[in-house]
file run36.txt (compact mmCIF, N, CA and C atoms)
# COMPACT_ATOMS: atom_id res chain seq x y z
N MET A 1 -24.91 28.23 -10.55
CA MET A 1 -24.36 28.83 -11.77
C MET A 1 -23.90 27.74 -12.72
N TYR A 2 -24.00 28.00 -13.97
CA TYR A 2 -23.61 27.02 -14.98
C TYR A 2 -22.11 26.76 -15.01
N ASP A 3 -21.31 27.76 -14.72
CA ASP A 3 -19.88 27.62 -14.91
C ASP A 3 -19.12 27.35 -13.62
N GLN A 4 -19.80 26.90 -12.57
CA GLN A 4 -19.13 26.58 -11.33
C GLN A 4 -18.58 25.17 -11.39
N PRO A 5 -17.33 24.96 -10.92
CA PRO A 5 -16.74 23.63 -10.96
C PRO A 5 -17.52 22.64 -10.10
N ARG A 6 -17.54 21.41 -10.54
CA ARG A 6 -18.18 20.35 -9.77
C ARG A 6 -17.10 19.52 -9.10
N PRO A 7 -17.32 19.13 -7.87
CA PRO A 7 -16.31 18.34 -7.17
C PRO A 7 -16.16 16.95 -7.78
N HIS A 8 -14.98 16.41 -7.65
CA HIS A 8 -14.67 15.04 -8.04
C HIS A 8 -14.77 14.78 -9.54
N GLN A 9 -14.60 15.78 -10.35
CA GLN A 9 -14.57 15.55 -11.79
C GLN A 9 -13.16 15.79 -12.29
N ALA A 10 -12.79 15.00 -13.29
CA ALA A 10 -11.45 15.10 -13.86
C ALA A 10 -11.25 16.45 -14.54
N HIS A 11 -10.00 16.90 -14.57
CA HIS A 11 -9.67 18.13 -15.28
C HIS A 11 -9.40 17.80 -16.74
N ALA A 12 -9.32 18.83 -17.56
CA ALA A 12 -9.10 18.66 -18.99
C ALA A 12 -7.88 17.79 -19.26
N ALA A 13 -8.00 16.95 -20.27
CA ALA A 13 -6.94 16.00 -20.59
C ALA A 13 -5.81 16.63 -21.39
N MET A 14 -5.97 17.86 -21.81
CA MET A 14 -4.89 18.55 -22.52
C MET A 14 -4.88 20.02 -22.15
N THR A 15 -3.74 20.63 -22.34
CA THR A 15 -3.62 22.05 -22.06
C THR A 15 -4.21 22.84 -23.23
N PHE A 16 -4.39 24.13 -23.03
CA PHE A 16 -4.90 24.97 -24.09
C PHE A 16 -3.92 25.00 -25.26
N GLU A 17 -2.64 25.05 -24.96
CA GLU A 17 -1.62 25.03 -26.02
C GLU A 17 -1.70 23.75 -26.84
N GLN A 18 -1.88 22.63 -26.16
CA GLN A 18 -2.02 21.35 -26.88
C GLN A 18 -3.29 21.34 -27.71
N MET A 19 -4.35 21.90 -27.16
CA MET A 19 -5.61 21.98 -27.91
C MET A 19 -5.43 22.80 -29.18
N LEU A 20 -4.76 23.95 -29.04
CA LEU A 20 -4.53 24.80 -30.21
C LEU A 20 -3.71 24.07 -31.26
N GLU A 21 -2.72 23.33 -30.85
CA GLU A 21 -1.90 22.58 -31.81
C GLU A 21 -2.72 21.51 -32.51
N ARG A 22 -3.62 20.83 -31.78
CA ARG A 22 -4.49 19.81 -32.40
C ARG A 22 -5.42 20.47 -33.40
N VAL A 23 -6.01 21.61 -33.01
CA VAL A 23 -6.91 22.31 -33.93
C VAL A 23 -6.13 22.82 -35.13
N ARG A 24 -4.95 23.31 -34.90
CA ARG A 24 -4.12 23.79 -36.02
C ARG A 24 -3.85 22.66 -37.01
N TYR A 25 -3.57 21.48 -36.48
CA TYR A 25 -3.33 20.31 -37.34
C TYR A 25 -4.62 19.90 -38.06
N GLU A 26 -5.73 19.77 -37.30
CA GLU A 26 -7.01 19.34 -37.89
C GLU A 26 -7.48 20.30 -38.98
N GLY A 27 -7.30 21.59 -38.74
CA GLY A 27 -7.79 22.60 -39.68
C GLY A 27 -6.77 23.03 -40.70
N ALA A 28 -5.54 22.50 -40.61
CA ALA A 28 -4.45 22.87 -41.51
C ALA A 28 -4.26 24.39 -41.53
N TYR A 29 -4.35 25.00 -40.34
CA TYR A 29 -4.19 26.45 -40.24
C TYR A 29 -2.71 26.82 -40.31
N PRO A 30 -2.40 27.94 -40.96
CA PRO A 30 -0.99 28.32 -41.12
C PRO A 30 -0.34 28.81 -39.84
N THR A 31 -1.14 29.31 -38.88
CA THR A 31 -0.56 29.85 -37.65
C THR A 31 -1.36 29.38 -36.44
N ARG A 32 -0.70 29.46 -35.29
CA ARG A 32 -1.35 29.15 -34.02
C ARG A 32 -2.44 30.18 -33.74
N GLU A 33 -2.22 31.42 -34.13
CA GLU A 33 -3.19 32.48 -33.90
C GLU A 33 -4.49 32.21 -34.65
N ARG A 34 -4.37 31.71 -35.87
CA ARG A 34 -5.58 31.39 -36.66
C ARG A 34 -6.35 30.25 -36.00
N ALA A 35 -5.62 29.26 -35.48
CA ALA A 35 -6.27 28.16 -34.77
C ALA A 35 -6.97 28.67 -33.51
N GLU A 36 -6.33 29.57 -32.79
CA GLU A 36 -6.92 30.12 -31.58
C GLU A 36 -8.18 30.92 -31.91
N GLU A 37 -8.16 31.66 -32.97
CA GLU A 37 -9.34 32.42 -33.41
C GLU A 37 -10.50 31.45 -33.68
N ALA A 38 -10.22 30.36 -34.37
CA ALA A 38 -11.25 29.36 -34.65
C ALA A 38 -11.80 28.76 -33.36
N VAL A 39 -10.91 28.40 -32.44
CA VAL A 39 -11.34 27.81 -31.17
C VAL A 39 -12.26 28.77 -30.43
N ARG A 40 -11.85 30.00 -30.30
CA ARG A 40 -12.64 30.96 -29.52
C ARG A 40 -13.99 31.25 -30.16
N THR A 41 -14.04 31.40 -31.48
CA THR A 41 -15.32 31.75 -32.12
C THR A 41 -16.27 30.55 -32.14
N VAL A 42 -15.75 29.37 -32.41
CA VAL A 42 -16.62 28.18 -32.46
C VAL A 42 -17.14 27.85 -31.06
N LEU A 43 -16.28 27.90 -30.06
CA LEU A 43 -16.74 27.59 -28.70
C LEU A 43 -17.71 28.63 -28.18
N ALA A 44 -17.52 29.89 -28.53
CA ALA A 44 -18.48 30.93 -28.14
C ALA A 44 -19.84 30.64 -28.78
N ALA A 45 -19.83 30.27 -30.05
CA ALA A 45 -21.07 29.94 -30.74
C ALA A 45 -21.74 28.72 -30.12
N LEU A 46 -20.95 27.71 -29.78
CA LEU A 46 -21.51 26.52 -29.14
C LEU A 46 -22.06 26.87 -27.76
N GLY A 47 -21.38 27.76 -27.07
CA GLY A 47 -21.85 28.20 -25.76
C GLY A 47 -23.22 28.86 -25.81
N ARG A 48 -23.55 29.46 -26.94
CA ARG A 48 -24.87 30.06 -27.10
C ARG A 48 -25.95 29.00 -27.29
N GLN A 49 -25.55 27.76 -27.60
CA GLN A 49 -26.52 26.70 -27.89
C GLN A 49 -26.73 25.72 -26.73
N LEU A 50 -25.81 25.69 -25.79
CA LEU A 50 -25.87 24.70 -24.71
C LEU A 50 -26.31 25.33 -23.40
N VAL A 51 -27.05 24.55 -22.62
CA VAL A 51 -27.47 24.97 -21.29
C VAL A 51 -27.34 23.79 -20.33
N GLY A 52 -27.49 24.06 -19.06
CA GLY A 52 -27.60 23.03 -18.05
C GLY A 52 -26.33 22.22 -17.82
N ASP A 53 -26.55 20.99 -17.39
CA ASP A 53 -25.44 20.11 -17.02
C ASP A 53 -24.48 19.86 -18.18
N GLU A 54 -25.01 19.77 -19.39
CA GLU A 54 -24.14 19.51 -20.54
C GLU A 54 -23.16 20.67 -20.75
N ARG A 55 -23.63 21.87 -20.56
CA ARG A 55 -22.77 23.05 -20.68
C ARG A 55 -21.67 23.02 -19.61
N VAL A 56 -22.07 22.73 -18.38
CA VAL A 56 -21.11 22.69 -17.27
C VAL A 56 -20.10 21.57 -17.48
N ASP A 57 -20.58 20.39 -17.83
CA ASP A 57 -19.69 19.24 -18.00
C ASP A 57 -18.74 19.43 -19.18
N LEU A 58 -19.23 20.04 -20.25
CA LEU A 58 -18.34 20.32 -21.38
C LEU A 58 -17.27 21.32 -20.96
N ALA A 59 -17.66 22.36 -20.26
CA ALA A 59 -16.68 23.35 -19.80
C ALA A 59 -15.60 22.69 -18.95
N GLN A 60 -15.99 21.74 -18.12
CA GLN A 60 -15.02 21.07 -17.27
C GLN A 60 -14.12 20.11 -18.04
N ALA A 61 -14.55 19.66 -19.20
CA ALA A 61 -13.73 18.77 -20.02
C ALA A 61 -12.69 19.54 -20.84
N LEU A 62 -12.88 20.85 -20.96
CA LEU A 62 -12.01 21.68 -21.78
C LEU A 62 -10.92 22.32 -20.94
N PRO A 63 -9.82 22.71 -21.58
CA PRO A 63 -8.84 23.54 -20.88
C PRO A 63 -9.51 24.85 -20.43
N VAL A 64 -9.00 25.45 -19.38
CA VAL A 64 -9.63 26.63 -18.77
C VAL A 64 -9.90 27.73 -19.79
N GLU A 65 -8.94 28.06 -20.63
CA GLU A 65 -9.12 29.14 -21.60
C GLU A 65 -10.25 28.83 -22.58
N ALA A 66 -10.36 27.59 -22.99
CA ALA A 66 -11.43 27.18 -23.89
C ALA A 66 -12.77 27.19 -23.17
N ALA A 67 -12.78 26.76 -21.92
CA ALA A 67 -14.01 26.76 -21.12
C ALA A 67 -14.52 28.18 -20.93
N LEU A 68 -13.62 29.13 -20.75
CA LEU A 68 -14.04 30.53 -20.60
C LEU A 68 -14.67 31.05 -21.88
N ALA A 69 -14.15 30.65 -23.03
CA ALA A 69 -14.76 31.06 -24.31
C ALA A 69 -16.16 30.47 -24.44
N LEU A 70 -16.32 29.23 -24.02
CA LEU A 70 -17.62 28.55 -24.09
C LEU A 70 -18.64 29.20 -23.17
N THR A 71 -18.25 29.50 -21.95
CA THR A 71 -19.20 29.99 -20.96
C THR A 71 -19.36 31.50 -20.94
N ALA A 72 -18.58 32.21 -21.72
CA ALA A 72 -18.69 33.67 -21.75
C ALA A 72 -19.97 34.12 -22.44
N GLU A 73 -20.53 33.27 -23.26
CA GLU A 73 -21.74 33.62 -24.00
C GLU A 73 -22.98 33.21 -23.23
N ILE A 74 -23.98 34.06 -23.26
CA ILE A 74 -25.27 33.74 -22.66
C ILE A 74 -26.01 32.82 -23.63
N PRO A 75 -26.59 31.73 -23.14
CA PRO A 75 -27.33 30.85 -24.05
C PRO A 75 -28.46 31.57 -24.77
N ALA A 76 -28.65 31.22 -26.02
CA ALA A 76 -29.71 31.82 -26.83
C ALA A 76 -31.06 31.30 -26.35
N THR A 77 -32.10 32.06 -26.60
CA THR A 77 -33.44 31.62 -26.19
C THR A 77 -33.99 30.56 -27.13
N GLU A 78 -33.51 30.54 -28.36
CA GLU A 78 -33.93 29.52 -29.32
C GLU A 78 -32.69 28.86 -29.90
N GLN A 79 -32.72 27.53 -29.99
CA GLN A 79 -31.59 26.81 -30.56
C GLN A 79 -31.61 26.90 -32.08
N LEU A 80 -30.42 26.96 -32.63
CA LEU A 80 -30.27 26.99 -34.09
C LEU A 80 -30.11 25.57 -34.61
N THR A 81 -30.58 25.35 -35.83
CA THR A 81 -30.27 24.09 -36.50
C THR A 81 -28.77 24.09 -36.78
N ALA A 82 -28.23 22.94 -37.13
CA ALA A 82 -26.80 22.86 -37.41
C ALA A 82 -26.41 23.80 -38.55
N TRP A 83 -27.20 23.83 -39.61
CA TRP A 83 -26.88 24.70 -40.74
C TRP A 83 -26.99 26.17 -40.32
N SER A 84 -28.00 26.51 -39.53
CA SER A 84 -28.13 27.89 -39.05
C SER A 84 -26.98 28.26 -38.13
N PHE A 85 -26.48 27.29 -37.36
CA PHE A 85 -25.31 27.50 -36.50
C PHE A 85 -24.12 27.92 -37.35
N VAL A 86 -23.89 27.21 -38.45
CA VAL A 86 -22.76 27.53 -39.34
C VAL A 86 -22.97 28.89 -40.00
N LYS A 87 -24.18 29.17 -40.48
CA LYS A 87 -24.45 30.46 -41.11
C LYS A 87 -24.31 31.60 -40.11
N ASP A 88 -24.76 31.41 -38.87
CA ASP A 88 -24.63 32.43 -37.84
C ASP A 88 -23.15 32.68 -37.53
N LEU A 89 -22.37 31.62 -37.44
CA LEU A 89 -20.94 31.76 -37.19
C LEU A 89 -20.27 32.52 -38.33
N ALA A 90 -20.64 32.20 -39.56
CA ALA A 90 -20.08 32.91 -40.73
C ALA A 90 -20.42 34.39 -40.67
N SER A 91 -21.65 34.69 -40.32
CA SER A 91 -22.08 36.09 -40.24
C SER A 91 -21.33 36.84 -39.14
N ARG A 92 -21.17 36.22 -37.99
CA ARG A 92 -20.49 36.87 -36.86
C ARG A 92 -19.00 37.07 -37.11
N THR A 93 -18.39 36.18 -37.90
CA THR A 93 -16.95 36.27 -38.13
C THR A 93 -16.61 36.93 -39.46
N GLY A 94 -17.61 37.21 -40.27
CA GLY A 94 -17.35 37.86 -41.55
C GLY A 94 -16.69 36.93 -42.56
N THR A 95 -16.97 35.63 -42.45
CA THR A 95 -16.41 34.65 -43.38
C THR A 95 -17.54 34.01 -44.17
N SER A 96 -17.18 33.12 -45.05
CA SER A 96 -18.18 32.38 -45.81
C SER A 96 -18.68 31.20 -44.98
N PRO A 97 -19.84 30.66 -45.32
CA PRO A 97 -20.31 29.45 -44.64
C PRO A 97 -19.32 28.28 -44.78
N ALA A 98 -18.63 28.21 -45.89
CA ALA A 98 -17.65 27.13 -46.09
C ALA A 98 -16.51 27.25 -45.08
N VAL A 99 -16.02 28.46 -44.86
CA VAL A 99 -14.94 28.67 -43.88
C VAL A 99 -15.46 28.40 -42.48
N ALA A 100 -16.67 28.86 -42.17
CA ALA A 100 -17.25 28.63 -40.85
C ALA A 100 -17.44 27.14 -40.60
N ARG A 101 -17.86 26.40 -41.62
CA ARG A 101 -18.04 24.95 -41.48
C ARG A 101 -16.69 24.28 -41.25
N TRP A 102 -15.67 24.73 -41.96
CA TRP A 102 -14.32 24.19 -41.80
C TRP A 102 -13.82 24.42 -40.37
N ASP A 103 -13.97 25.66 -39.90
CA ASP A 103 -13.55 25.99 -38.54
C ASP A 103 -14.29 25.14 -37.51
N THR A 104 -15.60 25.02 -37.71
CA THR A 104 -16.41 24.23 -36.79
C THR A 104 -15.94 22.79 -36.74
N GLY A 105 -15.69 22.20 -37.89
CA GLY A 105 -15.24 20.82 -37.93
C GLY A 105 -13.89 20.62 -37.27
N ALA A 106 -12.97 21.55 -37.50
CA ALA A 106 -11.63 21.45 -36.90
C ALA A 106 -11.69 21.54 -35.39
N VAL A 107 -12.47 22.47 -34.88
CA VAL A 107 -12.55 22.67 -33.43
C VAL A 107 -13.33 21.53 -32.78
N LEU A 108 -14.47 21.18 -33.33
CA LEU A 108 -15.29 20.16 -32.70
C LEU A 108 -14.69 18.77 -32.79
N ALA A 109 -13.80 18.54 -33.76
CA ALA A 109 -13.08 17.26 -33.80
C ALA A 109 -12.22 17.10 -32.55
N VAL A 110 -11.60 18.17 -32.12
CA VAL A 110 -10.78 18.14 -30.91
C VAL A 110 -11.67 18.09 -29.67
N VAL A 111 -12.75 18.83 -29.67
CA VAL A 111 -13.69 18.80 -28.54
C VAL A 111 -14.22 17.38 -28.36
N THR A 112 -14.49 16.69 -29.44
CA THR A 112 -14.97 15.31 -29.37
C THR A 112 -13.99 14.43 -28.62
N ARG A 113 -12.71 14.61 -28.87
CA ARG A 113 -11.69 13.82 -28.17
C ARG A 113 -11.68 14.12 -26.68
N LEU A 114 -11.96 15.36 -26.32
CA LEU A 114 -11.92 15.77 -24.92
C LEU A 114 -13.17 15.35 -24.14
N THR A 115 -14.29 15.24 -24.81
CA THR A 115 -15.54 14.95 -24.09
C THR A 115 -15.72 13.48 -23.77
N GLY A 116 -15.30 12.62 -24.67
CA GLY A 116 -15.63 11.21 -24.51
C GLY A 116 -17.01 10.94 -25.06
N PRO A 117 -17.30 9.68 -25.34
CA PRO A 117 -18.56 9.36 -26.03
C PRO A 117 -19.82 9.62 -25.21
N ASP A 118 -19.78 9.42 -23.90
CA ASP A 118 -20.99 9.60 -23.10
C ASP A 118 -21.42 11.06 -23.04
N LEU A 119 -20.48 11.94 -22.75
CA LEU A 119 -20.81 13.37 -22.70
C LEU A 119 -21.21 13.87 -24.08
N LEU A 120 -20.52 13.44 -25.12
CA LEU A 120 -20.89 13.88 -26.46
C LEU A 120 -22.31 13.45 -26.81
N THR A 121 -22.67 12.24 -26.44
CA THR A 121 -24.04 11.78 -26.70
C THR A 121 -25.05 12.64 -25.96
N ARG A 122 -24.77 12.98 -24.71
CA ARG A 122 -25.67 13.85 -23.95
C ARG A 122 -25.79 15.22 -24.60
N ILE A 123 -24.66 15.77 -25.05
CA ILE A 123 -24.68 17.07 -25.70
C ILE A 123 -25.53 17.01 -26.96
N LEU A 124 -25.32 15.99 -27.77
CA LEU A 124 -26.06 15.87 -29.03
C LEU A 124 -27.56 15.64 -28.78
N ASP A 125 -27.89 14.97 -27.69
CA ASP A 125 -29.30 14.76 -27.36
C ASP A 125 -30.01 16.07 -27.04
N HIS A 126 -29.25 17.10 -26.65
CA HIS A 126 -29.85 18.39 -26.30
C HIS A 126 -29.74 19.43 -27.41
N LEU A 127 -29.22 19.02 -28.56
CA LEU A 127 -29.12 19.93 -29.71
C LEU A 127 -30.02 19.42 -30.83
N PRO A 128 -30.46 20.31 -31.70
CA PRO A 128 -31.28 19.87 -32.84
C PRO A 128 -30.50 18.89 -33.73
N SER A 129 -31.22 18.15 -34.54
CA SER A 129 -30.55 17.19 -35.43
C SER A 129 -29.61 17.94 -36.38
N GLY A 130 -28.58 17.25 -36.80
CA GLY A 130 -27.60 17.83 -37.70
C GLY A 130 -26.28 18.15 -37.02
N TYR A 131 -26.28 18.34 -35.72
CA TYR A 131 -25.06 18.68 -35.00
C TYR A 131 -24.07 17.52 -34.95
N ALA A 132 -24.56 16.29 -34.99
CA ALA A 132 -23.64 15.14 -34.94
C ALA A 132 -22.62 15.23 -36.06
N LEU A 133 -23.06 15.64 -37.23
CA LEU A 133 -22.13 15.78 -38.37
C LEU A 133 -21.08 16.83 -38.09
N LEU A 134 -21.44 17.90 -37.39
CA LEU A 134 -20.47 18.94 -37.06
C LEU A 134 -19.40 18.41 -36.10
N PHE A 135 -19.79 17.44 -35.28
CA PHE A 135 -18.86 16.83 -34.34
C PHE A 135 -18.12 15.63 -34.95
N GLY A 136 -18.37 15.36 -36.23
CA GLY A 136 -17.69 14.25 -36.89
C GLY A 136 -18.31 12.90 -36.63
N ARG A 137 -19.55 12.89 -36.22
CA ARG A 137 -20.28 11.64 -35.96
C ARG A 137 -21.34 11.43 -37.02
N ALA A 138 -21.69 10.18 -37.23
CA ALA A 138 -22.80 9.89 -38.13
C ALA A 138 -24.09 10.40 -37.51
N GLU A 139 -24.96 10.91 -38.33
CA GLU A 139 -26.25 11.39 -37.85
C GLU A 139 -27.23 10.24 -37.87
N LEU A 140 -27.54 9.73 -36.69
CA LEU A 140 -28.49 8.63 -36.58
C LEU A 140 -29.87 9.21 -36.34
N ARG A 141 -30.85 8.61 -36.95
CA ARG A 141 -32.22 9.09 -36.77
C ARG A 141 -32.68 8.78 -35.36
N ARG A 142 -33.27 9.76 -34.74
CA ARG A 142 -33.82 9.57 -33.41
C ARG A 142 -35.16 8.89 -33.52
N PRO A 143 -35.46 7.97 -32.60
CA PRO A 143 -36.77 7.30 -32.66
C PRO A 143 -37.91 8.30 -32.49
N GLN A 144 -38.93 8.14 -33.29
CA GLN A 144 -40.09 9.00 -33.20
C GLN A 144 -41.05 8.43 -32.17
N PRO A 145 -41.67 9.28 -31.36
CA PRO A 145 -42.61 8.77 -30.38
C PRO A 145 -43.81 8.10 -31.06
N ALA A 146 -44.30 7.04 -30.45
CA ALA A 146 -45.45 6.31 -31.00
C ALA A 146 -46.69 7.18 -30.88
N MET A 147 -47.51 7.13 -31.88
CA MET A 147 -48.74 7.93 -31.87
C MET A 147 -49.87 7.14 -31.31

call {"tool": "encode", "arguments": {"input": "run36.txt", "output": "C-alpha cells"}}
result
Amino acid sequence: MYDQPRPHQAHAAMTFEQMLERVRYEGAYPTRERAEEAVRTVLAALGRQLVGDERVDLAQALPVEAALALTAEIPATEQLTAWSFVKDLASRTGTSPAVARWDTGAVLAVVTRLTGPDLLTRILDHLPSGYALLFGRAELRRPQPAM
C-alpha cells in the first residue's frame, strides 16, 4: 500500500499545529482555520498527482493530519501540468486561479522545508515541468535525450 509506514524513517519534523502556523504566516491568512483549509485542499490536490515511493516518502515527512489529507485522494490517471493543477484547485475550491496559486505557494513552501532537497528533487522529477515554481524552486530545464 502507498500509505503504509516504512521502518527506520524519521517522523515529521513539526507538528500539524506548527505546520498550520507556518502556512498561516507564509500565506498571511487571517485565521488558523483558513490556513488549515489551504493545507487540506492543496495536499489533497497534490495527492492526486503523486504515486509510488515519492507519495509514501512525502506522507512520512508530513505531520499525520497532513499526510492523511495527501493520501486520502486516489492518484489521477493523467498528471496535470502545473498551471492545470492550479486551475483544477481553483475549480474544486470555488476560488480564482490567483487565490489557488497563493494557497499552493503558501502550503508548498512549508512542505519544501519538511521534505528536504533530495525528496523534493525526486518529487519534482515525477511531476510535469512547472511544478518547481509552485514549490518555490527555480525551474531548471531538464536535459533532452539525444536523438

call {"tool": "closest_residue", "arguments": {"input": "run36.txt", "among": "A:Ala138, A:Met14, A:Leu46, A:Ala38", "to": "Thr121 in chain A", "atoms": "only C-alpha atoms"}}
result
A:Ala138

call {"tool": "residues_around", "arguments": {"input": "run36.txt", "residues": "Thr41 in chain A", "least_positions_apart": "4", "cutoff": "8 Å", "atoms": "all atoms listed in the file", "output": "list in words"}}
result
Ala35, Glu36, Glu37, Ala45, Leu46, Gly47, Ala69, Leu89, Thr93, Asp103 and Thr104 of chain A

call {"tool": "closest_residue", "arguments": {"input": "run36.txt", "among": "A:Asp88, A:Glu65, A:Glu21, A:Asp125", "to": "Ala100 in chain A", "atoms": "all atoms listed in the file"}}
result
A:Asp88

call {"tool": "residues_around", "arguments": {"input": "run36.txt", "residues": "Ala132 in chain A", "least_positions_apart": "3", "cutoff": "12 Å", "atoms": "only C-alpha atoms", "output": "ChimeraX atom specification"}}
result
/A:81-83,104-105,108-109,112,117,120-129,135-142

call {"tool": "select_by_dssp", "arguments": {"input": "run36.txt", "residues": "range 18-131 of chain A", "states": "alpha helix (DSSP H)", "output": "PyMOL selection string"}}
result
chain A and resi 18-27+32-47+52-61+64-71+82-93+97-125+131

call {"tool": "closest_residue", "arguments": {"input": "run36.txt", "among": "A:Ala66, A:Gly130, A:Ala106, A:Arg113", "to": "Glu26 in chain A", "atoms": "only C-alpha atoms"}}
result
A:Ala106

call {"tool": "atom_distance", "arguments": {"input": "run36.txt", "atom1": "CA of Val23 in chain A", "atom2": "CA of Val39 in chain A"}}
result
7.6 Å

call {"tool": "atom_distance", "arguments": {"input": "run36.txt", "atom1": "atom C of Ala59 in chain A", "atom2": "atom N of Trp102 in chain A"}}
result
23.1 Å

call {"tool": "residues_around", "arguments": {"input": "run36.txt", "residues": "Ala13 in chain A", "least_positions_apart": "4", "cutoff": "6.5 Å", "atoms": "only N, CA and C atoms", "output": "VMD selection string"}}
result
chain A and resid 61 to 63 114

call {"tool": "atom_distance", "arguments": {"input": "run36.txt", "atom1": "CA of Tyr25 in chain A", "atom2": "atom N of Leu80 in chain A"}}
result
28.3 Å

call {"tool": "residues_around", "arguments": {"input": "run36.txt", "residues": "Pro75 in chain A", "least_positions_apart": "3", "cutoff": "6 Å", "atoms": "all atoms listed in the file", "output": "count of residues only"}}
result
4

call {"tool": "closest_residue", "arguments": {"input": "run36.txt", "among": "A:Val51, A:Ala98, A:Leu58, A:Val107", "to": "Ala76 in chain A", "atoms": "all atoms listed in the file"}}
result
A:Val51

call {"tool": "decode", "arguments": {"input": "run36.txt", "residues": "range 32-43 of chain A", "atoms": "N, CA, C and O atoms", "output": "PDB file, in the first residue's frame"}}
result
ATOM      1  N   ARG A  32      -6.324  30.615  11.687  1.00  0.00           N
ATOM      2  CA  ARG A  32      -5.751  29.273  11.617  1.00  0.00           C
ATOM      3  C   ARG A  32      -6.640  28.378  10.762  1.00  0.00           C
ATOM      4  O   ARG A  32      -6.162  27.509  10.024  1.00  0.00           O
ATOM      5  N   GLU A  33      -7.939  28.580  10.828  1.00  0.00           N
ATOM      6  CA  GLU A  33      -8.883  27.777  10.062  1.00  0.00           C
ATOM      7  C   GLU A  33      -8.671  27.959   8.563  1.00  0.00           C
ATOM      8  O   GLU A  33      -8.761  27.004   7.794  1.00  0.00           O
ATOM      9  N   ARG A  34      -8.409  29.182   8.149  1.00  0.00           N
ATOM     10  CA  ARG A  34      -8.157  29.447   6.714  1.00  0.00           C
ATOM     11  C   ARG A  34      -6.866  28.765   6.269  1.00  0.00           C
ATOM     12  O   ARG A  34      -6.787  28.208   5.179  1.00  0.00           O
ATOM     13  N   ALA A  35      -5.854  28.783   7.133  1.00  0.00           N
ATOM     14  CA  ALA A  35      -4.600  28.091   6.822  1.00  0.00           C
ATOM     15  C   ALA A  35      -4.832  26.581   6.720  1.00  0.00           C
ATOM     16  O   ALA A  35      -4.313  25.919   5.811  1.00  0.00           O
ATOM     17  N   GLU A  36      -5.631  26.041   7.619  1.00  0.00           N
ATOM     18  CA  GLU A  36      -5.917  24.610   7.594  1.00  0.00           C
ATOM     19  C   GLU A  36      -6.678  24.229   6.328  1.00  0.00           C
ATOM     20  O   GLU A  36      -6.417  23.185   5.718  1.00  0.00           O
ATOM     21  N   GLU A  37      -7.600  25.052   5.921  1.00  0.00           N
ATOM     22  CA  GLU A  37      -8.345  24.806   4.678  1.00  0.00           C
ATOM     23  C   GLU A  37      -7.376  24.752   3.491  1.00  0.00           C
ATOM     24  O   GLU A  37      -7.468  23.865   2.639  1.00  0.00           O
ATOM     25  N   ALA A  38      -6.441  25.688   3.443  1.00  0.00           N
ATOM     26  CA  ALA A  38      -5.449  25.700   2.365  1.00  0.00           C
ATOM     27  C   ALA A  38      -4.588  24.439   2.403  1.00  0.00           C
ATOM     28  O   ALA A  38      -4.347  23.810   1.371  1.00  0.00           O
ATOM     29  N   VAL A  39      -4.132  24.054   3.582  1.00  0.00           N
ATOM     30  CA  VAL A  39      -3.300  22.860   3.716  1.00  0.00           C
ATOM     31  C   VAL A  39      -4.046  21.637   3.201  1.00  0.00           C
ATOM     32  O   VAL A  39      -3.531  20.861   2.395  1.00  0.00           O
ATOM     33  N   ARG A  40      -5.254  21.457   3.654  1.00  0.00           N
ATOM     34  CA  ARG A  40      -6.005  20.255   3.282  1.00  0.00           C
ATOM     35  C   ARG A  40      -6.320  20.211   1.785  1.00  0.00           C
ATOM     36  O   ARG A  40      -6.200  19.163   1.149  1.00  0.00           O
ATOM     37  N   THR A  41      -6.707  21.336   1.196  1.00  0.00           N
ATOM     38  CA  THR A  41      -7.080  21.315  -0.226  1.00  0.00           C
ATOM     39  C   THR A  41      -5.850  21.162  -1.125  1.00  0.00           C
ATOM     40  O   THR A  41      -5.887  20.422  -2.099  1.00  0.00           O
ATOM     41  N   VAL A  42      -4.771  21.847  -0.789  1.00  0.00           N
ATOM     42  CA  VAL A  42      -3.560  21.755  -1.616  1.00  0.00           C
ATOM     43  C   VAL A  42      -2.946  20.357  -1.512  1.00  0.00           C
ATOM     44  O   VAL A  42      -2.556  19.764  -2.521  1.00  0.00           O
ATOM     45  N   LEU A  43      -2.870  19.808  -0.311  1.00  0.00           N
ATOM     46  CA  LEU A  43      -2.293  18.470  -0.167  1.00  0.00           C
ATOM     47  C   LEU A  43      -3.165  17.409  -0.817  1.00  0.00           C
ATOM     48  O   LEU A  43      -2.649  16.443  -1.398  1.00  0.00           O
TER      49      LEU A  43
END
